[in-house]
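So this block is run29.tsv, TSV, C-alpha atoms and all ligand atoms:
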chain	number	residue	atom	x	y	z
A	22	MET	CA	-119.51	35.66	-36.43
A	23	SER	CA	-120.81	39.18	-36.00
A	24	GLN	CA	-120.16	41.26	-32.90
A	25	ILE	CA	-123.12	43.64	-32.73
A	26	GLY	CA	-121.58	47.11	-32.19
A	27	ARG	CA	-122.87	49.56	-29.58
A	28	ASN	CA	-124.31	51.85	-32.24
A	29	HIS	CA	-126.69	49.06	-33.40
A	30	GLN	CA	-128.00	48.13	-29.96
A	31	GLY	CA	-130.82	50.71	-29.90
A	32	ILE	CA	-132.62	52.70	-27.21
A	33	GLY	CA	-136.24	52.97	-25.99
A	34	MET	CA	-138.50	50.81	-28.18
A	35	THR	CA	-135.41	49.29	-29.82
A	36	SER	CA	-133.44	48.68	-26.58
A	37	GLN	CA	-132.10	45.47	-25.07
A	38	ARG	CA	-134.97	45.54	-22.56
A	39	THR	CA	-137.52	45.56	-25.39
A	40	ARG	CA	-135.73	42.64	-27.08
A	41	ASP	CA	-135.69	40.71	-23.78
A	42	ARG	CA	-139.47	41.09	-23.51
A	43	LEU	CA	-139.82	39.54	-26.98
A	44	ILE	CA	-137.63	36.62	-25.84
A	45	ASP	CA	-139.91	36.05	-22.82
A	46	ARG	CA	-142.86	35.94	-25.18
A	47	LEU	CA	-141.13	33.45	-27.50
A	48	ARG	CA	-140.45	31.19	-24.50
A	49	GLN	CA	-144.13	31.35	-23.52
A	50	GLN	CA	-145.04	30.25	-27.05
A	51	GLY	CA	-142.86	27.16	-26.71
A	52	ILE	CA	-139.50	28.19	-28.21
A	53	ASP	CA	-137.03	26.33	-26.00
A	54	ASN	CA	-133.77	26.19	-27.95
A	55	GLU	CA	-131.50	28.33	-25.78
A	56	GLN	CA	-129.10	29.09	-28.61
A	57	VAL	CA	-131.94	30.45	-30.77
A	58	LEU	CA	-133.28	32.57	-27.89
A	59	GLU	CA	-129.79	33.88	-27.07
A	60	VAL	CA	-129.08	34.88	-30.67
A	61	MET	CA	-132.50	36.52	-31.08
A	62	SER	CA	-131.91	38.55	-27.94
A	63	HIS	CA	-128.82	40.09	-29.58
A	64	VAL	CA	-129.57	40.53	-33.29
A	65	PRO	CA	-131.17	43.99	-33.70
A	66	ARG	CA	-134.37	43.37	-35.71
A	67	HIS	CA	-135.01	47.12	-35.90
A	68	ILE	CA	-131.99	47.50	-38.21
A	69	PHE	CA	-133.78	45.31	-40.79
A	70	VAL	CA	-136.99	47.36	-41.09
A	71	ASP	CA	-137.68	50.86	-42.29
A	72	GLU	CA	-136.84	53.51	-39.68
A	73	ALA	CA	-140.52	54.52	-39.51
A	74	LEU	CA	-141.35	50.96	-38.30
A	75	ALA	CA	-138.36	50.54	-35.95
A	76	HIS	CA	-140.50	51.13	-32.85
A	77	ARG	CA	-142.58	48.06	-33.81
A	78	ALA	CA	-139.60	45.80	-34.55
A	79	TYR	CA	-139.93	43.81	-31.29
A	80	GLU	CA	-143.63	43.13	-31.58
A	81	ASP	CA	-144.24	39.51	-32.47
A	82	THR	CA	-145.68	40.32	-35.90
A	83	ALA	CA	-144.69	40.31	-39.55
A	84	LEU	CA	-144.03	43.84	-40.91
A	85	PRO	CA	-143.90	45.23	-44.45
A	86	ILE	CA	-140.43	45.57	-46.02
A	87	GLY	CA	-141.59	47.05	-49.35
A	88	TYR	CA	-142.04	45.41	-52.78
A	89	GLY	CA	-145.13	43.59	-51.43
A	90	GLN	CA	-142.96	41.49	-49.09
A	91	THR	CA	-142.78	41.09	-45.30
A	92	ILE	CA	-140.20	40.40	-42.61
A	93	SER	CA	-141.35	37.15	-40.96
A	94	GLN	CA	-142.89	37.16	-37.50
A	95	PRO	CA	-140.21	36.57	-34.79
A	96	TYR	CA	-142.01	33.45	-33.50
A	97	ILE	CA	-141.83	31.94	-37.01
A	98	VAL	CA	-138.13	32.83	-37.39
A	99	ALA	CA	-137.45	31.19	-34.01
A	100	GLN	CA	-139.55	28.12	-34.78
A	101	MET	CA	-138.00	27.49	-38.21
A	102	THR	CA	-134.47	27.99	-36.86
A	103	GLN	CA	-135.22	25.63	-33.98
A	104	LEU	CA	-136.48	22.98	-36.44
A	105	LEU	CA	-133.23	23.25	-38.42
A	106	LEU	CA	-131.27	22.56	-35.22
A	107	GLU	CA	-133.19	19.52	-33.95
A	108	SER	CA	-130.27	17.21	-34.58
A	109	GLY	CA	-127.31	19.42	-33.67
A	110	VAL	CA	-125.66	22.38	-35.42
A	111	PRO	CA	-124.83	21.45	-39.02
A	112	SER	CA	-122.25	23.44	-40.97
A	113	SER	CA	-124.16	24.82	-43.96
A	114	VAL	CA	-127.62	26.23	-44.61
A	115	LEU	CA	-129.27	27.60	-47.74
A	116	GLU	CA	-132.09	30.13	-47.34
A	117	ILE	CA	-134.57	30.82	-50.15
A	118	GLY	CA	-135.97	34.36	-49.76
A	119	THR	CA	-133.42	36.69	-48.10
A	120	GLY	CA	-135.98	39.51	-47.86
A	121	CYS	CA	-134.65	42.07	-45.40
A	122	GLY	CA	-131.95	39.66	-44.18
A	123	TYR	CA	-133.14	39.25	-40.57
A	124	GLN	CA	-133.59	35.46	-40.72
A	125	THR	CA	-130.25	35.34	-42.55
A	126	ALA	CA	-128.59	37.19	-39.64
A	127	ILE	CA	-130.09	34.74	-37.12
A	128	LEU	CA	-128.81	31.80	-39.18
A	129	ALA	CA	-125.37	33.43	-39.56
A	130	SER	CA	-125.12	33.78	-35.79
A	131	ILE	CA	-125.47	29.99	-35.46
A	132	PHE	CA	-124.34	28.22	-38.66
A	133	PRO	CA	-120.71	28.45	-39.84
A	134	GLN	CA	-121.73	28.89	-43.51
A	135	VAL	CA	-124.90	30.61	-44.69
A	136	TYR	CA	-126.07	30.94	-48.30
A	137	SER	CA	-129.16	32.97	-49.14
A	138	VAL	CA	-130.92	33.91	-52.39
A	139	GLU	CA	-133.48	36.60	-53.18
A	140	ARG	CA	-135.39	37.24	-56.44
A	141	ILE	CA	-135.98	41.01	-55.91
A	142	GLU	CA	-132.79	42.93	-56.62
A	143	ALA	CA	-133.58	45.94	-54.41
A	144	LEU	CA	-134.12	43.66	-51.37
A	145	TYR	CA	-130.96	41.68	-52.16
A	146	LEU	CA	-128.88	44.89	-52.32
A	147	GLN	CA	-130.35	46.26	-49.09
A	148	ALA	CA	-129.84	42.98	-47.21
A	149	ARG	CA	-126.26	42.80	-48.47
A	150	GLN	CA	-125.54	46.26	-47.10
A	151	ARG	CA	-127.16	45.60	-43.72
A	152	LEU	CA	-125.44	42.27	-43.19
A	153	ALA	CA	-122.07	43.83	-44.09
A	154	GLU	CA	-122.73	46.73	-41.69
A	155	LEU	CA	-123.42	44.23	-38.90
A	156	GLU	CA	-120.20	42.41	-39.89
A	157	PHE	CA	-121.64	39.05	-40.85
A	158	TYR	CA	-118.77	37.65	-42.90
A	159	ASN	CA	-120.01	34.04	-43.12
A	160	VAL	CA	-122.92	34.85	-45.45
A	161	GLN	CA	-123.01	34.55	-49.23
A	162	LEU	CA	-125.95	36.22	-50.97
A	163	ARG	CA	-127.14	35.95	-54.58
A	164	HIS	CA	-129.80	37.74	-56.61
A	165	THR	CA	-131.35	34.67	-58.21
A	166	ASP	CA	-134.52	32.56	-58.43
A	167	GLY	CA	-134.35	30.09	-55.56
A	168	THR	CA	-136.62	27.53	-57.22
A	169	ALA	CA	-133.46	26.51	-59.08
A	170	GLY	CA	-131.49	26.32	-55.80
A	171	TRP	CA	-128.03	27.80	-55.30
A	172	PRO	CA	-126.56	28.78	-58.70
A	173	ASN	CA	-123.53	26.52	-58.30
A	174	LEU	CA	-125.19	23.14	-58.71
A	175	SER	CA	-122.28	21.23	-57.23
A	176	TYR	CA	-123.06	22.75	-53.80
A	177	HIS	CA	-125.02	20.65	-51.32
A	178	PHE	CA	-126.38	21.81	-47.98
A	179	ASP	CA	-127.03	20.28	-44.56
A	180	ARG	CA	-130.14	22.39	-44.16
A	181	ILE	CA	-132.45	24.37	-46.46
A	182	ILE	CA	-135.00	26.94	-45.25
A	183	MET	CA	-137.59	28.52	-47.50
A	184	THR	CA	-139.24	31.73	-46.29
A	185	ALA	CA	-141.91	31.93	-49.01
A	186	ALA	CA	-144.76	29.43	-49.53
A	187	CYS	CA	-144.46	26.88	-52.36
A	188	THR	CA	-147.21	24.84	-54.00
A	189	GLU	CA	-144.77	22.09	-54.91
A	190	ILE	CA	-141.33	21.27	-53.65
A	191	PRO	CA	-138.83	22.53	-56.24
A	192	GLU	CA	-136.89	19.50	-57.48
A	193	ALA	CA	-133.67	21.37	-58.14
A	194	LEU	CA	-133.72	22.59	-54.58
A	195	ALA	CA	-134.40	19.18	-53.03
A	196	ALA	CA	-131.49	17.86	-55.11
A	197	GLN	CA	-129.15	20.22	-53.21
A	198	LEU	CA	-130.04	18.69	-49.85
A	199	LYS	CA	-127.32	16.38	-48.47
A	200	PRO	CA	-128.22	12.83	-47.39
A	201	GLY	CA	-129.63	13.13	-43.87
A	202	GLY	CA	-130.26	16.82	-44.53
A	203	VAL	CA	-133.38	18.68	-43.45
A	204	MET	CA	-135.48	21.23	-45.31
A	205	VAL	CA	-138.07	23.44	-43.58
A	206	LEU	CA	-140.67	25.23	-45.70
A	207	PRO	CA	-144.22	26.60	-45.80
A	208	PHE	CA	-146.33	24.49	-48.18
A	209	ASP	CA	-149.51	25.86	-49.76
A	210	ASP	CA	-152.08	23.20	-50.77
A	211	GLY	CA	-154.44	25.76	-52.33
A	212	HIS	CA	-156.45	26.21	-49.10
A	213	ASP	CA	-153.99	26.41	-46.21
A	214	GLN	CA	-150.31	26.87	-45.66
A	215	THR	CA	-148.57	24.35	-43.44
A	216	MET	CA	-145.02	24.33	-42.13
A	217	MET	CA	-143.29	21.17	-43.36
A	218	LYS	CA	-140.10	19.48	-42.22
A	219	ILE	CA	-138.60	17.34	-44.97
A	220	THR	CA	-135.73	14.94	-44.34
A	221	ARG	CA	-133.60	13.24	-47.01
A	222	SER	CA	-133.50	9.63	-45.77
A	223	PRO	CA	-131.93	6.67	-47.62
A	224	GLU	CA	-135.48	5.81	-48.83
A	225	GLY	CA	-136.12	9.29	-50.22
A	226	LEU	CA	-137.74	12.46	-48.92
A	227	VAL	CA	-139.79	12.03	-45.75
A	228	SER	CA	-142.14	14.86	-44.86
A	229	GLU	CA	-143.77	15.86	-41.63
A	230	SER	CA	-146.61	18.43	-41.44
A	231	LEU	CA	-146.39	20.89	-38.56
A	232	GLU	CA	-148.38	24.02	-37.73
A	233	LYS	CA	-150.50	26.28	-39.95
A	234	VAL	CA	-148.65	29.40	-41.14
A	235	VAL	CA	-149.04	32.46	-43.39
A	236	PHE	CA	-146.26	33.38	-45.84
A	237	VAL	CA	-145.94	35.39	-49.04
A	238	PRO	CA	-145.82	33.09	-52.11
A	239	LEU	CA	-142.66	31.71	-53.71
A	240	LEU	CA	-142.58	33.34	-57.16
A	241	PRO	CA	-140.63	32.43	-60.29
A	242	GLY	CA	-138.22	34.72	-62.14
A	243	LEU	CA	-136.40	37.90	-61.16
A	244	GLU	CA	-137.42	41.48	-60.34
B	301	LIG	N1	-136.66	35.84	-44.40
B	301	LIG	C1	-137.25	37.02	-44.96
B	301	LIG	C2	-138.60	36.70	-45.54
B	301	LIG	C3	-139.04	37.68	-46.54
B	301	LIG	S1	-140.55	37.27	-47.32
B	301	LIG	C4	-137.37	38.12	-43.93
B	301	LIG	O1	-137.63	37.80	-42.77
B	301	LIG	O2	-137.23	39.28	-44.31
B	301	LIG	C5	-140.04	36.08	-48.52
B	301	LIG	C6	-139.01	36.52	-49.51
B	301	LIG	O3	-138.87	35.49	-50.47
B	301	LIG	C7	-139.37	37.78	-50.27
B	301	LIG	O4	-138.34	38.72	-50.11
B	301	LIG	C8	-139.50	37.30	-51.72
B	301	LIG	O5	-139.09	38.24	-52.67
B	301	LIG	C9	-138.60	36.08	-51.71
B	301	LIG	N2	-138.87	35.11	-52.78
B	301	LIG	C10	-140.07	34.70	-53.26
B	301	LIG	N3	-139.89	33.81	-54.25
B	301	LIG	C11	-138.55	33.64	-54.41
B	301	LIG	C12	-137.73	32.86	-55.27
B	301	LIG	N4	-138.25	32.07	-56.21
B	301	LIG	N5	-136.38	32.94	-55.14
B	301	LIG	C13	-135.82	33.76	-54.22
B	301	LIG	N6	-136.53	34.53	-53.39
B	301	LIG	C14	-137.89	34.47	-53.45
As structure tokens - that is how I would like this structure written.
Ligand code: SAH
Amino acid sequence: MSQIGRNHQGIGMTSQRTRDRLIDRLRQQGIDNEQVLEVMSHVPRHIFVDEALAHRAYEDTALPIGYGQTISQPYIVAQMTQLLLESGVPSSVLEIGTGCGYQTAILASIFPQVYSVERIEALYLQARQRLAELEFYNVQLRHTDGTAGWPNLSYHFDRIIMTAACTEIPEALAAQLKPGGVMVLPFDDGHDQTMMKITRSPEGLVSESLEKVVFVPLLPGLE
């Protein structure tokens, strides 16, 4: 997994001290998975946003990444990652919505195998370059519509995370979840968005509604 080089560590508003303050804040908000906190204290979020926004990278807010999309709020990244890890560290995870690649980098610092898809080509290309620069070698990215899941249908995943809000759970995606596997996603019922944790049990999919959230919508097709 990636060793973050000295030239990516940052200074001033992008320094280790600034990142540590964000970690304190995440703890206060109830993030208690030490592995998640440790990884988030090292992965440089400022590398994943435009240089003009780098000084705001360690605020606990979503930020624009272009193309009408946003990098998720750090608390949400931490919370979703923590939910994926509730029953140990599984080997594979599929992410729908690579965006800038920050959540992908957090996953790749924890999971042995990370797969991530993005529908906007420019974001996919940028994330690919950033993740390579930071030497994440355990990540496979694709420019594809994630409502159809990972393009190789014979692949199945221990965990699936969706970082855009869906109005129904894509069937093809749910079909790629292993038995006992867990999927975490923002669900939009037309009024509110709610974080859902869905488990594939022997009886079928079991869903649990968690907190209210705000995500950009899951959209069909490619850009
Ligand atoms: N984890 C990302 C979140 C970006 S916002 C980050 O922190 O940067 C959600 C992303 O999902 C956007 O980049 C959007 O283009 C992408 N997306 C939306 N619908 C999609 C789909 N059907 N397939 C793949 N990606 C999708």
Legend entry - Of the listed residues A:Gly120, A:Gly202, A:Gly170, A:Pro133, that which approaches ligand LIG 301 (chain B) most closely, counting all atoms listed in the file: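 Answer, going by the shortest atom-to-atom distance: A:Gly120.
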Legend entry - Ref. answer, residues at most 10 Å from (-143.7, 42.5, -44.8) with all atoms listed in the file, as a list in words: Val70, Thr82, Ala83, Leu84, Pro85, Ile86, Gly87, Tyr88, Gly89, Gln90, Thr91, Ile92, Ser93, Gln94, Gly120, Cys121, Phe236 and Val237 of chain A
Inset, instruction - Give me, please, the distance in Å between atom CA of A:Ser175 and atom CA of A:Leu115, quoted to one decimal. - result: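 Distance between the two atoms: 13.4 Å.
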Do you know which residues are at most 6 Å from A:Arg140 counting only C-alpha atoms, after dropping those on the same chain fewer than 4 positions away, and could you put them as a PDB file with C-alpha atoms, in the frame of the given file?
ATOM      1  CA  HIS A 164    -129.800  37.740 -56.610  1.00  0.00           C
ATOM      2  CA  THR A 165    -131.350  34.670 -58.210  1.00  0.00           C
ATOM      3  CA  ASP A 166    -134.520  32.560 -58.430  1.00  0.00           C
ATOM      4  CA  LEU A 243    -136.400  37.900 -61.160  1.00  0.00           C
TER       5      LEU A 243
END
Set the distance at 7 Å and use only C-alpha atoms: which residues neighbour stretch 33-47 of chain A once local chain neighbours fewer than 5 positions away are removed? I'd like the list as a PDB file with C-alpha atoms, keeping the file's coordinate frame.
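Saved file out.pdb follows:
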ATOM      1  CA  ILE A  52    -139.500  28.190 -28.210  1.00  0.00           C
ATOM      2  CA  LEU A  58    -133.280  32.570 -27.890  1.00  0.00           C
ATOM      3  CA  SER A  62    -131.910  38.550 -27.940  1.00  0.00           C
ATOM      4  CA  HIS A  67    -135.010  47.120 -35.900  1.00  0.00           C
ATOM      5  CA  ALA A  75    -138.360  50.540 -35.950  1.00  0.00           C
ATOM      6  CA  HIS A  76    -140.500  51.130 -32.850  1.00  0.00           C
ATOM      7  CA  TYR A  79    -139.930  43.810 -31.290  1.00  0.00           C
ATOM      8  CA  GLU A  80    -143.630  43.130 -31.580  1.00  0.00           C
ATOM      9  CA  TYR A  96    -142.010  33.450 -33.500  1.00  0.00           C
TER      10      TYR A  96
END
Assuming 4 Å of padding per side, give the centre and edge lengths of the axis-aligned box around every listed atom of ligand LIG 301 (chain B), in Å to one decimal and as lines of an AutoDock Vina configuration file.
center_x = -138.2
center_y = 35.7
center_z = -49.5
size_x = 12.7
size_y = 15.2
size_z = 21.4
Inset, instruction - Identify which of the residues A:Val205, A:Ala148, A:Ile190, A:Val138 lies closest to ligand LIG 301 (chain B), counting all atoms listed in the file when measuring atom-to-atom distances. - result: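 Closest to ligand LIG 301 (chain B), using all atoms listed in the file: A:Val138.
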Legend entry - Å distance separating atom C1 of ligand LIG 301 (chain B) from atom CA of A:Arg151, one decimal place: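 Result for atom C1 of ligand LIG 301 (chain B) versus atom CA of A:Arg151: 13.3 Å, one decimal.
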Inset, instruction - Could you give me, as a ChimeraX atom specification, the residues within 10 Å of A:Ala126, counting all atoms listed in the file and dropping anything in the same chain fewer than 6 positions from it? - result: /A:22-23,60-61,64-66,69,119,132,135,148,151-152,155-157,159-160
Written file, previous selection with C-alpha atoms, as a compact mmCIF listing (two decimals), in the coordinates of the input:
# COMPACT_ATOMS: atom_id res chain seq x y z
CA MET A 22 -119.51 35.66 -36.43
CA SER A 23 -120.81 39.18 -36.00
CA VAL A 60 -129.08 34.88 -30.67
CA MET A 61 -132.50 36.52 -31.08
CA VAL A 64 -129.57 40.53 -33.29
CA PRO A 65 -131.17 43.99 -33.70
CA ARG A 66 -134.37 43.37 -35.71
CA PHE A 69 -133.78 45.31 -40.79
CA THR A 119 -133.42 36.69 -48.10
CA PHE A 132 -124.34 28.22 -38.66
CA VAL A 135 -124.90 30.61 -44.69
CA ALA A 148 -129.84 42.98 -47.21
CA ARG A 151 -127.16 45.60 -43.72
CA LEU A 152 -125.44 42.27 -43.19
CA LEU A 155 -123.42 44.23 -38.90
CA GLU A 156 -120.20 42.41 -39.89
CA PHE A 157 -121.64 39.05 -40.85
CA ASN A 159 -120.01 34.04 -43.12
CA VAL A 160 -122.92 34.85 -45.45
Legend entry - Interatomic distance, atom C7 of ligand LIG 301 (chain B) to atom CA of A:Asp209 (Å, one decimal):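 Between these atoms lies a distance of 15.7 Å.
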Atoms added to stretch 172-198 of chain A (N, CA, C and O atoms), reported as a PDB file, in the frame of the given file:
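Saved file rebuild.pdb follows:
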ATOM      1  N   PRO A 172    -126.997  28.820 -57.291  1.00  0.00           N
ATOM      2  CA  PRO A 172    -126.560  28.780 -58.700  1.00  0.00           C
ATOM      3  C   PRO A 172    -125.441  27.774 -59.000  1.00  0.00           C
ATOM      4  O   PRO A 172    -125.399  27.239 -60.099  1.00  0.00           O
ATOM      5  N   ASN A 173    -124.560  27.524 -58.049  1.00  0.00           N
ATOM      6  CA  ASN A 173    -123.530  26.520 -58.300  1.00  0.00           C
ATOM      7  C   ASN A 173    -124.088  25.149 -57.908  1.00  0.00           C
ATOM      8  O   ASN A 173    -124.209  24.806 -56.733  1.00  0.00           O
ATOM      9  N   LEU A 174    -124.446  24.378 -58.952  1.00  0.00           N
ATOM     10  CA  LEU A 174    -125.190  23.140 -58.710  1.00  0.00           C
ATOM     11  C   LEU A 174    -124.398  22.074 -57.986  1.00  0.00           C
ATOM     12  O   LEU A 174    -124.955  21.110 -57.479  1.00  0.00           O
ATOM     13  N   SER A 175    -123.071  22.251 -57.917  1.00  0.00           N
ATOM     14  CA  SER A 175    -122.280  21.230 -57.230  1.00  0.00           C
ATOM     15  C   SER A 175    -122.324  21.432 -55.706  1.00  0.00           C
ATOM     16  O   SER A 175    -121.809  20.605 -54.967  1.00  0.00           O
ATOM     17  N   TYR A 176    -122.946  22.520 -55.249  1.00  0.00           N
ATOM     18  CA  TYR A 176    -123.060  22.750 -53.800  1.00  0.00           C
ATOM     19  C   TYR A 176    -124.205  21.921 -53.221  1.00  0.00           C
ATOM     20  O   TYR A 176    -125.274  21.824 -53.821  1.00  0.00           O
ATOM     21  N   HIS A 177    -123.970  21.368 -52.036  1.00  0.00           N
ATOM     22  CA  HIS A 177    -125.020  20.650 -51.320  1.00  0.00           C
ATOM     23  C   HIS A 177    -125.042  21.135 -49.874  1.00  0.00           C
ATOM     24  O   HIS A 177    -123.998  21.487 -49.335  1.00  0.00           O
ATOM     25  N   PHE A 178    -126.215  21.165 -49.275  1.00  0.00           N
ATOM     26  CA  PHE A 178    -126.380  21.810 -47.980  1.00  0.00           C
ATOM     27  C   PHE A 178    -126.928  20.851 -46.932  1.00  0.00           C
ATOM     28  O   PHE A 178    -127.704  19.958 -47.254  1.00  0.00           O
ATOM     29  N   ASP A 179    -126.520  21.093 -45.677  1.00  0.00           N
ATOM     30  CA  ASP A 179    -127.030  20.280 -44.560  1.00  0.00           C
ATOM     31  C   ASP A 179    -128.480  20.632 -44.262  1.00  0.00           C
ATOM     32  O   ASP A 179    -129.264  19.792 -43.844  1.00  0.00           O
ATOM     33  N   ARG A 180    -128.781  21.914 -44.455  1.00  0.00           N
ATOM     34  CA  ARG A 180    -130.140  22.390 -44.160  1.00  0.00           C
ATOM     35  C   ARG A 180    -130.570  23.358 -45.259  1.00  0.00           C
ATOM     36  O   ARG A 180    -129.745  24.099 -45.800  1.00  0.00           O
ATOM     37  N   ILE A 181    -131.885  23.371 -45.543  1.00  0.00           N
ATOM     38  CA  ILE A 181    -132.450  24.370 -46.460  1.00  0.00           C
ATOM     39  C   ILE A 181    -133.692  24.951 -45.775  1.00  0.00           C
ATOM     40  O   ILE A 181    -134.499  24.204 -45.202  1.00  0.00           O
ATOM     41  N   ILE A 182    -133.823  26.272 -45.821  1.00  0.00           N
ATOM     42  CA  ILE A 182    -135.000  26.940 -45.250  1.00  0.00           C
ATOM     43  C   ILE A 182    -135.606  27.819 -46.330  1.00  0.00           C
ATOM     44  O   ILE A 182    -134.884  28.561 -47.003  1.00  0.00           O
ATOM     45  N   MET A 183    -136.912  27.685 -46.512  1.00  0.00           N
ATOM     46  CA  MET A 183    -137.590  28.520 -47.500  1.00  0.00           C
ATOM     47  C   MET A 183    -138.519  29.457 -46.747  1.00  0.00           C
ATOM     48  O   MET A 183    -139.281  29.001 -45.893  1.00  0.00           O
ATOM     49  N   THR A 184    -138.431  30.762 -47.047  1.00  0.00           N
ATOM     50  CA  THR A 184    -139.240  31.730 -46.290  1.00  0.00           C
ATOM     51  C   THR A 184    -140.366  32.313 -47.142  1.00  0.00           C
ATOM     52  O   THR A 184    -140.871  33.394 -46.855  1.00  0.00           O
ATOM     53  N   ALA A 185    -140.747  31.579 -48.202  1.00  0.00           N
ATOM     54  CA  ALA A 185    -141.910  31.930 -49.010  1.00  0.00           C
ATOM     55  C   ALA A 185    -142.634  30.612 -49.295  1.00  0.00           C
ATOM     56  O   ALA A 185    -142.000  29.559 -49.385  1.00  0.00           O
ATOM     57  N   ALA A 186    -143.983  30.674 -49.435  1.00  0.00           N
ATOM     58  CA  ALA A 186    -144.760  29.430 -49.530  1.00  0.00           C
ATOM     59  C   ALA A 186    -144.753  28.849 -50.938  1.00  0.00           C
ATOM     60  O   ALA A 186    -145.020  29.552 -51.915  1.00  0.00           O
ATOM     61  N   CYS A 187    -144.473  27.539 -51.044  1.00  0.00           N
ATOM     62  CA  CYS A 187    -144.460  26.880 -52.360  1.00  0.00           C
ATOM     63  C   CYS A 187    -145.671  25.972 -52.494  1.00  0.00           C
ATOM     64  O   CYS A 187    -146.233  25.504 -51.510  1.00  0.00           O
ATOM     65  N   THR A 188    -146.081  25.737 -53.752  1.00  0.00           N
ATOM     66  CA  THR A 188    -147.210  24.840 -54.000  1.00  0.00           C
ATOM     67  C   THR A 188    -146.708  23.457 -54.412  1.00  0.00           C
ATOM     68  O   THR A 188    -147.460  22.502 -54.477  1.00  0.00           O
ATOM     69  N   GLU A 189    -145.426  23.393 -54.742  1.00  0.00           N
ATOM     70  CA  GLU A 189    -144.770  22.090 -54.910  1.00  0.00           C
ATOM     71  C   GLU A 189    -143.320  22.252 -54.500  1.00  0.00           C
ATOM     72  O   GLU A 189    -142.790  23.363 -54.521  1.00  0.00           O
ATOM     73  N   ILE A 190    -142.701  21.147 -54.114  1.00  0.00           N
ATOM     74  CA  ILE A 190    -141.330  21.270 -53.650  1.00  0.00           C
ATOM     75  C   ILE A 190    -140.394  21.313 -54.854  1.00  0.00           C
ATOM     76  O   ILE A 190    -140.362  20.359 -55.645  1.00  0.00           O
ATOM     77  N   PRO A 191    -139.683  22.431 -55.048  1.00  0.00           N
ATOM     78  CA  PRO A 191    -138.830  22.530 -56.240  1.00  0.00           C
ATOM     79  C   PRO A 191    -137.774  21.422 -56.262  1.00  0.00           C
ATOM     80  O   PRO A 191    -137.016  21.252 -55.313  1.00  0.00           O
ATOM     81  N   GLU A 192    -137.783  20.663 -57.373  1.00  0.00           N
ATOM     82  CA  GLU A 192    -136.890  19.500 -57.480  1.00  0.00           C
ATOM     83  C   GLU A 192    -135.427  19.858 -57.400  1.00  0.00           C
ATOM     84  O   GLU A 192    -134.637  19.194 -56.734  1.00  0.00           O
ATOM     85  N   ALA A 193    -135.074  20.961 -58.097  1.00  0.00           N
ATOM     86  CA  ALA A 193    -133.670  21.370 -58.140  1.00  0.00           C
ATOM     87  C   ALA A 193    -133.166  21.701 -56.736  1.00  0.00           C
ATOM     88  O   ALA A 193    -132.005  21.461 -56.394  1.00  0.00           O
ATOM     89  N   LEU A 194    -134.069  22.215 -55.941  1.00  0.00           N
ATOM     90  CA  LEU A 194    -133.720  22.590 -54.580  1.00  0.00           C
ATOM     91  C   LEU A 194    -133.521  21.335 -53.724  1.00  0.00           C
ATOM     92  O   LEU A 194    -132.505  21.195 -53.032  1.00  0.00           O
ATOM     93  N   ALA A 195    -134.492  20.431 -53.805  1.00  0.00           N
ATOM     94  CA  ALA A 195    -134.400  19.180 -53.030  1.00  0.00           C
ATOM     95  C   ALA A 195    -133.124  18.427 -53.396  1.00  0.00           C
ATOM     96  O   ALA A 195    -132.505  17.785 -52.548  1.00  0.00           O
ATOM     97  N   ALA A 196    -132.697  18.558 -54.658  1.00  0.00           N
ATOM     98  CA  ALA A 196    -131.490  17.860 -55.110  1.00  0.00           C
ATOM     99  C   ALA A 196    -130.226  18.418 -54.444  1.00  0.00           C
ATOM    100  O   ALA A 196    -129.181  17.774 -54.439  1.00  0.00           O
ATOM    101  N   GLN A 197    -130.332  19.626 -53.873  1.00  0.00           N
ATOM    102  CA  GLN A 197    -129.150  20.220 -53.210  1.00  0.00           C
ATOM    103  C   GLN A 197    -129.115  19.931 -51.712  1.00  0.00           C
ATOM    104  O   GLN A 197    -128.295  20.490 -50.991  1.00  0.00           O
ATOM    105  N   LEU A 198    -130.022  19.076 -51.261  1.00  0.00           N
ATOM    106  CA  LEU A 198    -130.040  18.690 -49.850  1.00  0.00           C
ATOM    107  C   LEU A 198    -129.170  17.450 -49.660  1.00  0.00           C
ATOM    108  O   LEU A 198    -129.346  16.447 -50.338  1.00  0.00           O
TER     109      LEU A 198
END
